[in-house]
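Shown next: start-v8.pdb, containing PDB, C-alpha atoms, pLDDT in the B column.
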ATOM      1  CA  MET F   1      72.548 173.119  31.933  1.00 41.00           C
ATOM      2  CA  LYS F   2      71.948 175.922  29.434  1.00 40.00           C
ATOM      3  CA  SER F   3      69.113 173.963  27.814  1.00 41.00           C
ATOM      4  CA  GLN F   4      67.459 173.589  31.223  1.00 44.00           C
ATOM      5  CA  TRP F   5      67.762 177.333  31.751  1.00 41.00           C
ATOM      6  CA  ALA F   6      66.377 178.051  28.269  1.00 40.00           C
ATOM      7  CA  ALA F   7      63.441 175.734  28.880  1.00 43.00           C
ATOM      8  CA  GLY F   8      62.793 177.443  32.217  1.00 44.00           C
ATOM      9  CA  LEU F   9      62.934 180.857  30.591  1.00 44.00           C
ATOM     10  CA  ALA F  10      60.481 179.809  27.884  1.00 46.00           C
ATOM     11  CA  ALA F  11      58.064 178.543  30.500  1.00 44.00           C
ATOM     12  CA  MET F  12      58.442 181.711  32.565  1.00 46.00           C
ATOM     13  CA  LEU F  13      57.680 183.924  29.599  1.00 48.00           C
ATOM     14  CA  SER F  14      54.332 182.270  28.934  1.00 45.00           C
ATOM     15  CA  SER F  15      51.494 184.594  29.886  1.00 45.00           C
ATOM     16  CA  ALA F  16      50.466 182.512  32.909  1.00 40.00           C
ATOM     17  CA  ALA F  17      54.021 182.352  34.198  1.00 44.00           C
ATOM     18  CA  MET F  18      54.636 186.068  33.533  1.00 50.00           C
ATOM     19  CA  ALA F  19      51.701 186.847  35.814  1.00 49.00           C
ATOM     20  CA  GLN F  20      53.553 185.008  38.606  1.00 61.00           C
ATOM     21  CA  THR F  21      56.931 186.615  37.932  1.00 76.00           C
ATOM     22  CA  ALA F  22      58.286 188.820  40.713  1.00 86.00           C
ATOM     23  CA  PHE F  23      58.908 192.453  39.837  1.00 86.00           C
ATOM     24  CA  LEU F  24      60.858 195.182  41.617  1.00 84.00           C
ATOM     25  CA  ASP F  25      59.027 197.535  43.986  1.00 79.00           C
ATOM     26  CA  ASN F  26      58.540 200.996  42.420  1.00 75.00           C
ATOM     27  CA  ALA F  27      59.531 199.465  39.061  1.00 80.00           C
ATOM     28  CA  PRO F  28      56.600 197.190  38.194  1.00 78.00           C
ATOM     29  CA  ASP F  29      57.928 196.551  34.693  1.00 86.00           C
ATOM     30  CA  VAL F  30      61.385 195.328  35.761  1.00 92.00           C
ATOM     31  CA  PRO F  31      61.194 191.586  36.464  1.00 94.00           C
ATOM     32  CA  LEU F  32      63.434 189.509  38.681  1.00 93.00           C
ATOM     33  CA  PRO F  33      65.080 186.374  37.285  1.00 91.00           C
ATOM     34  CA  PRO F  34      63.537 183.140  38.582  1.00 88.00           C
ATOM     35  CA  GLY F  35      64.678 182.550  42.159  1.00 85.00           C
ATOM     36  CA  ALA F  36      66.097 186.068  42.555  1.00 91.00           C
ATOM     37  CA  VAL F  37      65.230 188.378  45.426  1.00 91.00           C
ATOM     38  CA  ALA F  38      65.648 192.099  45.972  1.00 90.00           C
ATOM     39  CA  LEU F  39      68.045 192.407  48.902  1.00 92.00           C
ATOM     40  CA  THR F  40      67.825 196.198  49.229  1.00 88.00           C
ATOM     41  CA  ALA F  41      65.979 199.039  47.555  1.00 86.00           C
ATOM     42  CA  SER F  42      66.662 202.766  47.790  1.00 88.00           C
ATOM     43  CA  ALA F  43      65.094 205.853  46.314  1.00 81.00           C
ATOM     44  CA  LEU F  44      67.829 208.387  45.630  1.00 80.00           C
ATOM     45  CA  GLU F  45      67.745 212.108  44.901  1.00 73.00           C
ATOM     46  CA  PRO F  46      67.026 212.441  41.166  1.00 71.00           C
ATOM     47  CA  ALA F  47      69.407 214.440  38.990  1.00 68.00           C
ATOM     48  CA  ALA F  48      66.565 216.737  37.887  1.00 68.00           C
ATOM     49  CA  PRO F  49      63.431 217.886  39.735  1.00 75.00           C
ATOM     50  CA  GLY F  50      60.455 215.708  38.841  1.00 74.00           C
ATOM     51  CA  GLY F  51      62.585 212.694  38.042  1.00 81.00           C
ATOM     52  CA  GLN F  52      63.009 209.441  39.953  1.00 85.00           C
ATOM     53  CA  HIS F  53      66.048 207.280  40.708  1.00 87.00           C
ATOM     54  CA  HIS F  54      65.721 203.855  42.329  1.00 90.00           C
ATOM     55  CA  VAL F  55      68.601 201.487  43.091  1.00 93.00           C
ATOM     56  CA  TYR F  56      68.189 197.796  43.887  1.00 93.00           C
ATOM     57  CA  ILE F  57      70.624 195.124  45.010  1.00 94.00           C
ATOM     58  CA  VAL F  58      69.390 191.745  43.759  1.00 94.00           C
ATOM     59  CA  GLY F  59      70.678 188.293  44.672  1.00 93.00           C
ATOM     60  CA  ALA F  60      70.125 185.443  42.213  1.00 91.00           C
ATOM     61  CA  ASP F  61      70.853 181.721  42.368  1.00 89.00           C
ATOM     62  CA  ALA F  62      72.141 181.727  38.811  1.00 86.00           C
ATOM     63  CA  PRO F  63      75.400 182.293  36.986  1.00 86.00           C
ATOM     64  CA  ALA F  64      75.968 185.789  35.611  1.00 87.00           C
ATOM     65  CA  ASP F  65      75.388 184.763  31.981  1.00 87.00           C
ATOM     66  CA  ALA F  66      72.003 183.271  32.894  1.00 89.00           C
ATOM     67  CA  ALA F  67      70.949 186.403  34.801  1.00 91.00           C
ATOM     68  CA  PHE F  68      72.022 188.701  31.953  1.00 92.00           C
ATOM     69  CA  GLY F  69      70.425 186.327  29.440  1.00 93.00           C
ATOM     70  CA  PHE F  70      67.162 186.577  31.353  1.00 94.00           C
ATOM     71  CA  TYR F  71      67.185 190.376  31.042  1.00 95.00           C
ATOM     72  CA  ALA F  72      68.302 190.318  27.389  1.00 94.00           C
ATOM     73  CA  GLU F  73      65.362 188.040  26.572  1.00 94.00           C
ATOM     74  CA  THR F  74      62.708 189.545  28.860  1.00 95.00           C
ATOM     75  CA  LEU F  75      63.189 193.328  28.854  1.00 96.00           C
ATOM     76  CA  PRO F  76      62.572 193.869  25.110  1.00 96.00           C
ATOM     77  CA  GLN F  77      59.232 192.081  25.547  1.00 94.00           C
ATOM     78  CA  LEU F  78      58.366 194.770  28.094  1.00 94.00           C
ATOM     79  CA  GLY F  79      59.266 197.634  25.754  1.00 95.00           C
ATOM     80  CA  TRP F  80      62.876 198.231  26.833  1.00 96.00           C
ATOM     81  CA  ALA F  81      65.412 198.839  24.019  1.00 97.00           C
ATOM     82  CA  LEU F  82      69.021 197.761  24.493  1.00 96.00           C
ATOM     83  CA  ARG F  83      71.218 200.835  24.639  1.00 94.00           C
ATOM     84  CA  GLU F  84      74.585 199.370  25.620  1.00 91.00           C
ATOM     85  CA  GLN F  85      76.026 195.951  26.334  1.00 90.00           C
ATOM     86  CA  GLY F  86      79.516 195.275  27.541  1.00 85.00           C
ATOM     87  CA  GLY F  87      81.861 194.946  30.436  1.00 79.00           C
ATOM     88  CA  GLU F  88      79.807 193.709  33.316  1.00 76.00           C
ATOM     89  CA  GLY F  89      76.395 195.067  32.476  1.00 91.00           C
ATOM     90  CA  LEU F  90      73.510 196.043  30.250  1.00 95.00           C
ATOM     91  CA  SER F  91      71.769 199.402  29.706  1.00 96.00           C
ATOM     92  CA  TYR F  92      68.242 199.882  28.372  1.00 97.00           C
ATOM     93  CA  VAL F  93      66.022 202.834  27.544  1.00 96.00           C
ATOM     94  CA  ARG F  94      62.262 203.238  27.166  1.00 95.00           C
ATOM     95  CA  GLY F  95      60.844 206.712  26.657  1.00 93.00           C
ATOM     96  CA  ARG F  96      61.967 208.812  29.658  1.00 91.00           C
ATOM     97  CA  ASP F  97      63.195 205.765  31.579  1.00 92.00           C
ATOM     98  CA  GLN F  98      66.677 204.296  31.772  1.00 94.00           C
ATOM     99  CA  LEU F  99      67.585 200.915  33.224  1.00 95.00           C
ATOM    100  CA  ALA F 100      71.046 199.575  34.052  1.00 96.00           C
ATOM    101  CA  VAL F 101      71.842 196.024  35.195  1.00 96.00           C
ATOM    102  CA  ARG F 102      75.392 195.584  36.511  1.00 95.00           C
ATOM    103  CA  LEU F 103      77.248 192.664  38.066  1.00 92.00           C
ATOM    104  CA  LEU F 104      78.389 193.479  41.605  1.00 90.00           C
ATOM    105  CA  GLU F 105      79.833 190.119  42.591  1.00 81.00           C
ATOM    106  CA  GLY F 106      79.725 186.420  41.916  1.00 73.00           C
ATOM    107  CA  GLY F 107      79.376 184.660  38.665  1.00 59.00           C
ATOM    108  CA  ALA F 108      81.158 181.455  37.850  1.00 56.00           C
ATOM    109  CA  ALA F 109      82.428 179.804  41.020  1.00 60.00           C
ATOM    110  CA  ASP F 110      79.314 179.323  43.128  1.00 66.00           C
ATOM    111  CA  GLY F 111      76.573 179.976  40.547  1.00 75.00           C
ATOM    112  CA  ARG F 112      75.238 182.945  42.527  1.00 85.00           C
ATOM    113  CA  VAL F 113      75.356 186.585  41.542  1.00 89.00           C
ATOM    114  CA  THR F 114      74.615 189.922  43.110  1.00 93.00           C
ATOM    115  CA  LEU F 115      73.317 192.539  40.692  1.00 94.00           C
ATOM    116  CA  LEU F 116      72.946 196.307  40.923  1.00 94.00           C
ATOM    117  CA  ILE F 117      69.836 197.503  39.102  1.00 95.00           C
ATOM    118  CA  GLU F 118      69.232 201.223  38.597  1.00 94.00           C
ATOM    119  CA  VAL F 119      65.986 202.644  37.244  1.00 92.00           C
ATOM    120  CA  THR F 120      65.954 206.356  36.413  1.00 91.00           C
ATOM    121  CA  SER F 121      63.045 208.391  35.089  1.00 88.00           C
ATOM    122  CA  SER F 122      63.627 211.858  33.671  1.00 84.00           C
ATOM    123  CA  PRO F 123      61.047 214.620  34.079  1.00 79.00           C
ATOM    124  CA  ALA F 124      58.348 214.714  31.384  1.00 71.00           C
ATOM    125  CA  SER F 125      60.068 217.697  29.753  1.00 61.00           C
ATOM    126  CA  GLN F 126      63.228 215.634  29.129  1.00 54.00           C
ATOM    127  CA  ALA F 127      62.248 212.688  26.923  1.00 53.00           C
ATOM    128  CA  LEU F 128      65.135 210.396  25.975  1.00 50.00           C
ATOM    129  CA  ASP F 129      65.861 209.140  22.470  1.00 49.00           C
TER     130      ASP F 129
END
Take the structure in this file and express it as structure tokens.
Amino acid sequence: MKSQWAAGLAAMLSSAAMAQTAFLDNAPDVPLPPGAVALTASALEPAAPGGQHHVYIVGADAPADAAFGFYAETLPQLGWALREQGGEGLSYVRGRDQLAVRLLEGGAADGRVTLLIEVTSSPASQALD
């Protein structure tokens, strides 16, 4: 099964397939795993004036390791640097932007997961390292 997923990921990452990949609204550089859909999206009050904070609930027909593997493989190609990995999630940073992918529910039993994805942008005066 993992080899099928790896083959699917390789095909998706080709330039033609990447053009067809679904991305989150208001986060055009955060892709969705194949077959995943954004169930909800919310813009929240940012921590600092001039910043942005978007939260998405995403449902995917994939086990948790496949969904996290998709992000671990894909996000660095889009300029995101892994900041933290552990527990039930991943954290990335790119310039003033932060991205967190967390497991909300699901995983092994039914092969479906629900993910919480948070994208935060700091004001231009607060660049992140």
(message) Under the PyMOL selection byres ((chain F and resi 39-51) around 12), which residues of this model are included? Write them out as a PyMOL selection string.
(response) chain F and resi 24-27+32+36-38+52-60+96-98+113-127
(message) Excluding region 77-82 of chain F and its own-chain neighbours fewer than 5 positions away, which residues fall within 7 Å of it when counting all atoms listed in the file? Please give them as an MDAnalysis selection string.
(response) chainID F and resid 29 91:94
(message) Report as number ranges by chain all protein, DNA and RNA residues lying within 9 Å of Phe68 (chain F), evaluated on only C-alpha atoms, omitting residues in the same chain fewer than 2 positions from it.
(response) F: 63-66, 70-73, 89-90, 101-103
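Reported to one decimal place, the separation of CA of Pro31 (chain F) from CA of Gly86 (chain F) is 20.7 Å.
Distance annotation: of F:Ala62, F:Glu84, F:Pro28, F:Gly69, the residue with the minimal separation from Gly106 (chain F) is F:Ala62; atom set is only C-alpha atoms.
Atom pair CA of Gly95 (chain F) / CA of Thr74 (chain F) has a distance of 17.4 Å (rounded to one decimal).
We find CA of Pro76 (chain F) and CA of Arg112 (chain F) to be spaced 24.1 Å apart.
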